[in-house]
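Next comes run.cif, with mmCIF, C-alpha atoms.
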data_model
#
loop_
_atom_site.label_atom_id
_atom_site.label_comp_id
_atom_site.auth_asym_id
_atom_site.auth_seq_id
_atom_site.Cartn_x
_atom_site.Cartn_y
_atom_site.Cartn_z
CA MET A 788 -19.37 -3.88 -22.74
CA ASN A 789 -22.30 -6.18 -21.92
CA ASP A 790 -24.74 -5.61 -19.10
CA THR A 791 -23.58 -8.62 -17.06
CA CYS A 792 -22.07 -9.19 -13.62
CA ARG A 793 -18.81 -10.35 -15.22
CA ASP A 794 -18.40 -7.21 -17.32
CA THR A 795 -19.43 -4.94 -14.46
CA ILE A 796 -16.92 -6.42 -12.02
CA ALA A 797 -14.19 -6.30 -14.69
CA VAL A 798 -14.38 -2.49 -14.87
CA LEU A 799 -14.85 -1.68 -11.17
CA ASP A 800 -11.43 0.00 -10.82
CA ASP A 801 -12.18 2.40 -13.67
CA TYR A 802 -15.68 2.92 -12.28
CA LEU A 803 -14.22 3.78 -8.86
CA GLU A 804 -11.80 6.25 -10.41
CA HIS A 805 -14.45 7.74 -12.72
CA THR A 806 -12.37 6.99 -15.80
CA LEU A 807 -15.00 5.06 -17.75
CA ALA A 808 -16.44 6.52 -20.96
CA ALA A 809 -19.91 7.99 -20.42
CA ALA A 810 -21.65 5.14 -22.24
CA GLN A 811 -19.86 2.49 -20.15
CA GLN A 812 -20.52 4.45 -16.97
CA ALA A 813 -24.24 4.39 -17.82
CA VAL A 814 -24.19 0.61 -18.38
CA VAL A 815 -22.50 0.04 -15.00
CA ASP A 816 -24.84 2.48 -13.21
CA GLY A 817 -27.82 0.64 -14.68
CA HIS A 818 -26.47 -2.78 -13.78
CA LEU A 819 -25.71 -1.74 -10.18
CA ARG A 820 -29.25 -0.37 -9.83
CA ARG A 821 -30.77 -3.65 -10.98
CA CYS A 822 -28.38 -6.25 -9.54
CA PRO A 823 -28.23 -6.49 -5.73
CA TYR A 824 -25.32 -8.95 -5.94
CA CYS A 825 -23.14 -6.54 -7.87
CA ARG A 826 -24.27 -3.64 -5.73
CA ASP A 827 -23.03 -5.56 -2.70
CA TYR A 828 -19.86 -6.58 -4.54
CA PHE A 829 -19.15 -2.98 -5.47
CA ALA A 830 -19.74 -1.75 -1.88
CA THR A 831 -17.43 -4.36 -0.40
CA TYR A 832 -14.83 -3.87 -3.15
CA ARG A 833 -14.76 -0.14 -2.38
CA ASP A 834 -14.54 -0.95 1.35
CA THR A 835 -11.60 -3.25 0.64
CA VAL A 836 -9.65 -0.36 -0.87
CA ARG A 837 -10.60 1.86 2.06
CA LEU A 838 -9.66 -0.77 4.65
CA SER A 839 -6.26 -1.36 3.06
CA ARG A 840 -5.47 2.32 3.51
CA LEU A 841 -6.78 2.43 7.07
CA ALA A 842 -4.96 -0.72 8.10
CA ALA A 843 -1.69 0.91 7.11
CA LEU A 844 -2.17 3.72 9.61
CA GLU A 845 -0.10 3.24 12.71
CA PRO A 846 -2.21 2.30 15.74
CA ASP A 847 -2.44 4.80 18.54
CA PRO A 848 0.37 3.85 20.97
CA ALA A 849 -2.11 4.28 23.82
CA ASP A 850 -4.15 1.40 22.35
CA ARG A 851 -1.27 -1.06 22.39
CA SER A 852 -1.95 -3.96 24.69
CA ASP A 853 1.68 -5.11 25.09
CA GLY A 854 2.75 -1.96 26.92
CA ARG A 855 5.71 -1.30 24.59
CA ASP A 856 6.56 2.24 23.66
CA PRO A 857 7.23 2.19 19.90
CA LEU A 858 7.96 5.90 19.78
CA GLY A 859 10.70 5.49 22.37
CA GLU A 860 12.25 2.67 20.36
CA LEU A 861 12.06 4.69 17.17
CA ASP A 862 13.65 7.69 18.84
CA GLU A 863 16.60 5.58 19.89
CA LEU A 864 16.97 4.11 16.40
CA SER A 865 16.57 7.53 14.82
CA LEU A 866 19.34 8.93 16.97
CA ARG A 867 21.70 6.10 16.03
CA LEU A 868 20.88 6.51 12.35
CA ALA A 869 21.39 10.29 12.46
CA GLU A 870 24.78 9.78 14.10
CA ALA A 871 25.74 7.25 11.39
CA ILE A 872 24.78 9.78 8.69
CA LEU A 873 26.73 12.55 10.39
CA ARG A 874 29.80 10.32 10.71
CA LYS A 875 29.65 9.46 7.01
CA GLY A 876 28.88 13.03 5.97
CA SER A 877 26.11 14.10 3.66
CA ARG A 878 28.29 15.04 0.75
CA PRO A 879 28.58 12.68 -2.22
CA SER A 880 31.31 10.08 -1.67
CA MET B 349 7.11 21.68 -5.29
CA GLU B 350 9.90 22.83 -3.00
CA THR B 351 8.61 25.22 -0.33
CA VAL B 352 10.68 27.96 1.34
CA GLY B 353 10.94 25.80 4.48
CA GLU B 354 12.08 22.87 2.40
CA ALA B 355 14.67 25.00 0.61
CA GLU B 356 16.18 26.04 3.93
CA LEU B 357 16.08 22.49 5.20
CA LEU B 358 17.78 21.26 2.05
CA VAL B 359 20.61 23.76 2.47
CA ALA B 360 21.08 22.67 6.10
CA LEU B 361 20.99 18.97 5.21
CA ARG B 362 23.46 19.45 2.37
CA ALA B 363 25.76 21.28 4.78
CA GLY B 364 25.44 18.36 7.20
CA GLU B 365 24.15 20.50 10.06
CA PRO B 366 23.65 18.07 12.95
CA ALA B 367 20.37 19.53 14.19
CA ALA B 368 18.84 19.41 10.71
CA VAL B 369 20.04 15.85 10.09
CA ARG B 370 18.74 14.63 13.46
CA GLY B 371 15.43 16.40 12.97
CA PHE B 372 14.96 15.02 9.47
CA VAL B 373 15.73 11.46 10.54
CA HIS B 374 13.54 11.77 13.62
CA THR B 375 10.62 13.09 11.56
CA HIS B 376 10.70 10.49 8.81
CA ARG B 377 12.33 7.34 10.13
CA GLY B 378 9.22 5.82 11.71
CA ARG B 379 7.06 6.19 8.62
CA MET B 380 9.83 4.95 6.33
CA HIS B 381 10.29 1.91 8.56
CA ALA B 382 6.57 1.17 8.25
CA VAL B 383 6.80 1.48 4.44
CA ALA B 384 9.75 -0.93 4.23
CA LYS B 385 8.09 -3.37 6.62
CA ARG B 386 4.89 -3.39 4.58
CA ILE B 387 6.86 -4.32 1.47
CA LEU B 388 9.24 -6.80 3.07
CA GLY B 389 7.16 -8.18 5.92
CA SER B 390 10.24 -8.32 8.13
CA GLU B 391 11.13 -6.03 10.99
CA GLU B 392 14.86 -6.73 10.76
CA GLU B 393 15.11 -6.31 6.99
CA ALA B 394 13.05 -3.13 7.19
CA GLN B 395 15.49 -1.70 9.72
CA GLU B 396 18.47 -2.44 7.47
CA ILE B 397 16.72 -1.10 4.37
CA VAL B 398 15.76 2.16 6.05
CA GLN B 399 19.31 2.70 7.24
CA GLU B 400 20.61 2.04 3.72
CA ALA B 401 17.98 4.32 2.20
CA PHE B 402 18.74 7.23 4.51
CA LEU B 403 22.49 6.91 3.93
CA ARG B 404 21.93 6.71 0.17
CA ALA B 405 19.58 9.69 0.27
CA PHE B 406 22.04 11.86 2.19
CA GLN B 407 24.88 10.91 -0.12
CA SER B 408 22.85 11.86 -3.18
CA LEU B 409 21.37 15.09 -1.82
CA ALA B 410 23.37 16.98 -4.45
CA GLN B 411 21.27 15.29 -7.15
CA PHE B 412 17.95 16.21 -5.49
CA ARG B 413 16.30 18.68 -7.87
CA GLY B 414 13.41 19.79 -5.69
CA CYS B 415 10.75 18.64 -8.16
CA SER B 416 9.02 16.81 -5.30
CA LYS B 417 9.04 17.18 -1.53
CA LEU B 418 12.07 15.77 0.25
CA SER B 419 9.85 13.31 2.08
CA THR B 420 8.40 12.05 -1.23
CA TRP B 421 11.90 11.65 -2.63
CA LEU B 422 12.98 9.69 0.45
CA HIS B 423 9.80 7.58 0.29
CA ARG B 424 10.64 6.52 -3.27
CA ILE B 425 14.23 5.67 -2.30
CA VAL B 426 12.96 3.47 0.54
CA ILE B 427 10.50 1.71 -1.78
CA ASN B 428 13.25 1.16 -4.33
CA GLU B 429 15.64 -0.29 -1.76
CA ALA B 430 12.92 -2.57 -0.38
CA LEU B 431 11.93 -3.78 -3.84
CA MET B 432 15.56 -4.60 -4.66
CA THR B 433 15.73 -6.75 -1.53
CA LEU B 434 12.44 -8.38 -2.44
CA ARG B 435 13.69 -9.20 -5.96
CA GLY B 436 16.73 -10.85 -4.44
CA ARG B 437 14.60 -13.42 -2.69
CA LYS B 438 11.78 -13.69 -5.24
CA SER B 439 13.02 -16.87 -6.92
CA ARG B 440 12.49 -18.79 -3.68
CA VAL B 441 8.78 -17.98 -3.54
CA VAL B 442 6.15 -20.22 -5.14
CA GLU B 443 2.91 -18.27 -5.47
CA GLN B 444 -0.43 -19.82 -4.63
CA SER B 445 -3.35 -19.54 -7.03
CA ILE B 446 -6.09 -17.08 -6.08
CA ASP B 447 -8.68 -18.57 -8.44
CA ASP B 448 -10.90 -19.64 -5.57
CA LEU B 449 -10.91 -16.04 -4.32
CA LEU B 450 -12.20 -14.56 -7.58
CA PRO B 451 -15.93 -14.26 -8.30
CA ARG B 452 -17.45 -17.07 -10.35
CA PHE B 453 -19.97 -16.54 -13.15
CA TYR B 454 -22.55 -18.53 -15.06
CA ASP B 455 -22.09 -18.82 -18.82
CA ASP B 456 -24.41 -15.85 -19.33
CA GLY B 457 -22.05 -13.65 -17.25
CA HIS B 458 -24.17 -13.45 -14.10
CA ARG B 459 -22.59 -14.09 -10.75
CA MET B 460 -22.77 -17.36 -8.79
CA ALA B 461 -23.53 -17.79 -5.08
CA PRO B 462 -22.62 -14.46 -3.50
CA LEU B 463 -22.17 -14.36 0.28
CA PRO B 464 -23.95 -11.85 2.53
CA ALA B 465 -22.66 -8.27 2.70
CA TRP B 466 -20.08 -7.44 5.33
CA SER B 467 -19.90 -3.65 4.95
CA GLU B 468 -21.85 -2.95 8.12
CA ARG B 469 -19.73 -5.29 10.19
CA ALA B 470 -16.59 -3.69 8.79
CA ASP B 471 -17.89 -0.26 9.74
CA LEU B 472 -18.54 -1.42 13.29
CA LEU B 473 -14.99 -2.70 13.59
CA LEU B 474 -13.37 -0.02 11.49
CA LEU B 475 -11.31 1.76 14.11
CA ARG B 476 -10.44 -1.25 16.19
CA ASP B 477 -7.05 -2.89 16.21
CA GLU B 478 -8.80 -6.21 15.65
CA LEU B 479 -9.91 -5.21 12.17
CA ARG B 480 -6.58 -3.58 11.39
CA ALA B 481 -4.87 -6.86 12.27
CA VAL B 482 -7.30 -8.87 10.11
CA VAL B 483 -6.70 -6.61 7.12
CA GLN B 484 -2.94 -6.58 7.55
CA ARG B 485 -2.83 -10.37 7.88
CA SER B 486 -5.04 -10.72 4.82
CA ILE B 487 -2.80 -8.43 2.76
CA ASP B 488 0.30 -10.30 3.93
CA GLY B 489 -1.30 -13.57 2.78
CA LEU B 490 -1.76 -12.45 -0.84
CA PRO B 491 0.57 -13.85 -3.51
CA GLU B 492 3.64 -11.63 -3.67
CA SER B 493 3.14 -10.30 -7.22
CA LEU B 494 -0.35 -9.09 -6.28
CA ARG B 495 0.44 -7.99 -2.74
CA ILE B 496 3.25 -5.71 -3.82
CA VAL B 497 1.07 -3.91 -6.39
CA LEU B 498 -1.69 -3.42 -3.81
CA VAL B 499 0.81 -2.05 -1.28
CA LEU B 500 2.36 0.39 -3.76
CA ARG B 501 -0.95 1.59 -5.24
CA ASP B 502 -3.48 1.48 -2.40
CA ILE B 503 -1.25 2.08 0.61
CA GLU B 504 1.82 3.96 -0.58
CA GLY B 505 -0.21 6.00 -3.05
CA LEU B 506 1.96 5.54 -6.15
CA ASP B 507 0.16 6.03 -9.46
CA VAL B 508 -0.03 3.36 -12.15
CA LYS B 509 2.87 4.76 -14.18
CA GLU B 510 5.21 5.02 -11.20
CA THR B 511 4.25 1.57 -9.91
CA ALA B 512 4.94 0.08 -13.34
CA ALA B 513 8.34 1.76 -13.47
CA MET B 514 9.27 0.62 -9.95
CA LEU B 515 8.27 -2.98 -10.66
CA GLU B 516 9.60 -2.97 -14.23
CA VAL B 517 6.28 -4.19 -15.65
CA THR B 518 3.74 -2.64 -18.02
CA GLU B 519 0.99 -0.31 -16.83
CA GLY B 520 -1.52 -2.89 -18.07
CA ALA B 521 0.06 -5.50 -15.81
CA VAL B 522 -0.21 -3.12 -12.84
CA LYS B 523 -3.92 -2.56 -13.51
CA THR B 524 -4.64 -6.28 -13.94
CA ARG B 525 -2.71 -7.25 -10.81
CA LEU B 526 -4.31 -4.52 -8.73
CA HIS B 527 -7.79 -5.68 -9.75
CA ARG B 528 -6.95 -9.29 -8.92
CA ALA B 529 -5.34 -8.26 -5.62
CA ARG B 530 -8.37 -6.21 -4.57
CA GLN B 531 -10.74 -9.03 -5.56
CA ALA B 532 -8.70 -11.60 -3.65
CA LEU B 533 -8.41 -9.36 -0.60
CA ARG B 534 -12.14 -8.65 -0.72
CA ALA B 535 -12.85 -12.40 -0.73
CA VAL B 536 -10.49 -13.04 2.19
CA LEU B 537 -12.07 -10.21 4.19
CA GLU B 538 -15.51 -11.55 3.33
CA LYS B 539 -14.57 -14.91 4.86
CA GLU B 540 -13.03 -13.27 7.91
CA LEU B 541 -15.85 -10.81 8.55
CA THR B 542 -18.87 -13.03 7.91
CA ARG B 543 -17.88 -16.05 9.96
#
Once you've parsed the file, please lay out its structure as structure tokens.
Amino acid sequence: MNDTCRDTIAVLDDYLEHTLAAAQQAVVDGHLRRCPYCRDYFATYRDTVRLSRLAALEPDPADRSDGRDPLGELDELSLRLAEAILRKGSRPS
Amino acid sequence: METVGEAELLVALRAGEPAAVRGFVHTHRGRMHAVAKRILGSEEEAQEIVQEAFLRAFQSLAQFRGCSKLSTWLHRIVINEALMTLRGRKSRVVEQSIDDLLPRFYDDGHRMAPLPAWSERADLLLLRDELRAVVQRSIDGLPESLRIVLVLRDIEGLDVKETAAMLEVTEGAVKTRLHRARQALRAVLEKELTR
């Protein structure tokens, strides 16, 4: 690979997962040391992955501004679903 | 691996013991609903899918081999059901290009016109619902073929091989789409967090 922004950004997933060959890893390390743009790109790319995971976490019900109780709703739905399963039986049909 | 607790639970579920069934549904339904909703983007469809998935799971408990945890097995059934629903409506969707969200380069391979960093601002907002909402909205706005790979890999934690099998595409396609999805999402977040 070449020591350019394009080539560095192209391999960021492998770089993040430490699956690059040693020689490629060294090229990317060197480029990130020298290029502030790619250093910033890498930091925000890594943050993007992290934020996706965090955004998927359910918010604390106490933080909800609409006053709804999602756990209460889920309990009701869970009960109805469990009863439907029990009516059908768990054995193969 | 199946633990002792799981083995006992499996016996109880296979026997249709009401307390075990209710407990299992109560423990997993909320998370499975969130999984289906992330894939489908619809509360109502997610509710139907989760019901279908649980019923299907209970009816095929005899085939469960215990190679994974029960919750992992159920998770994959929910994802499968949701993807089948998604495929059914896929032909109606026209995907938008993300070219303007990808980085641009000069002929020599160096990058054009980067915007200021937003990492610090993201950290300040990290635990607030405001940021969570921005990220969720940004993910929802990605083209479907990219969004679904990002959801399966980065949120649901499937590996490349499993994602490829679920989506019936090559592992190379999964890697390419994930990279494009992350780049596009990064650019959308950059716009949202630096304005």
- Message: Once the PyMOL selection byres ((chain B and resi 398) around 9) is applied to the coordinates I shared, what remains selected? I want it as a PyMOL selection string.
- Response: chain B and resi 377+380-381+384+393-397+399-403+426+429-430
- Which residues fall under the PyMOL selection byres ((chain A) within 8 of (chain B)) in this file, as an MDAnalysis selection string? chainID A and resid 791:794 800 824 827:828 830:832 834:836 838:843 846 861:862 865:866 868:870 872:873 876:880
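Using all atoms listed in the file for every distance, the candidate list B:Met514, B:Gly520, B:Leu450, B:Glu354 yields B:Glu354 as the residue closest to Phe412 of chain B.
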- Message: Could you tell me how far atom CA of Leu494 of chain B sits from atom CA of Arg525 of chain B, in Å to one decimal place?
- Response: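 A separation of 5.4 Å between them.
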- For Glu492 of chain B: contacts at 12 Å, only C-alpha atoms, fewer than 4 positions along chain excluded, given as a list of chain:residue names: B:Arg386, B:Ile387, B:Leu388, B:Gly389, B:Leu431, B:Leu434, B:Arg435, B:Arg437, B:Lys438, B:Ser439, B:Arg440, B:Val441, B:Val442, B:Glu443, B:Gln444, B:Ser445, B:Ile446, B:Ile487, B:Asp488, B:Ile496, B:Val497, B:Leu498, B:Val499, B:Arg525, B:Leu526, B:Ala529
Could you write out that same residue set with C-alpha atoms as a compact mmCIF listing (two decimals), in the coordinates of the input?
# COMPACT_ATOMS: atom_id res chain seq x y z
CA ARG B 386 4.89 -3.39 4.58
CA ILE B 387 6.86 -4.32 1.47
CA LEU B 388 9.24 -6.80 3.07
CA GLY B 389 7.16 -8.18 5.92
CA LEU B 431 11.93 -3.78 -3.84
CA LEU B 434 12.44 -8.38 -2.44
CA ARG B 435 13.69 -9.20 -5.96
CA ARG B 437 14.60 -13.42 -2.69
CA LYS B 438 11.78 -13.69 -5.24
CA SER B 439 13.02 -16.87 -6.92
CA ARG B 440 12.49 -18.79 -3.68
CA VAL B 441 8.78 -17.98 -3.54
CA VAL B 442 6.15 -20.22 -5.14
CA GLU B 443 2.91 -18.27 -5.47
CA GLN B 444 -0.43 -19.82 -4.63
CA SER B 445 -3.35 -19.54 -7.03
CA ILE B 446 -6.09 -17.08 -6.08
CA ILE B 487 -2.80 -8.43 2.76
CA ASP B 488 0.30 -10.30 3.93
CA ILE B 496 3.25 -5.71 -3.82
CA VAL B 497 1.07 -3.91 -6.39
CA LEU B 498 -1.69 -3.42 -3.81
CA VAL B 499 0.81 -2.05 -1.28
CA ARG B 525 -2.71 -7.25 -10.81
CA LEU B 526 -4.31 -4.52 -8.73
CA ALA B 529 -5.34 -8.26 -5.62
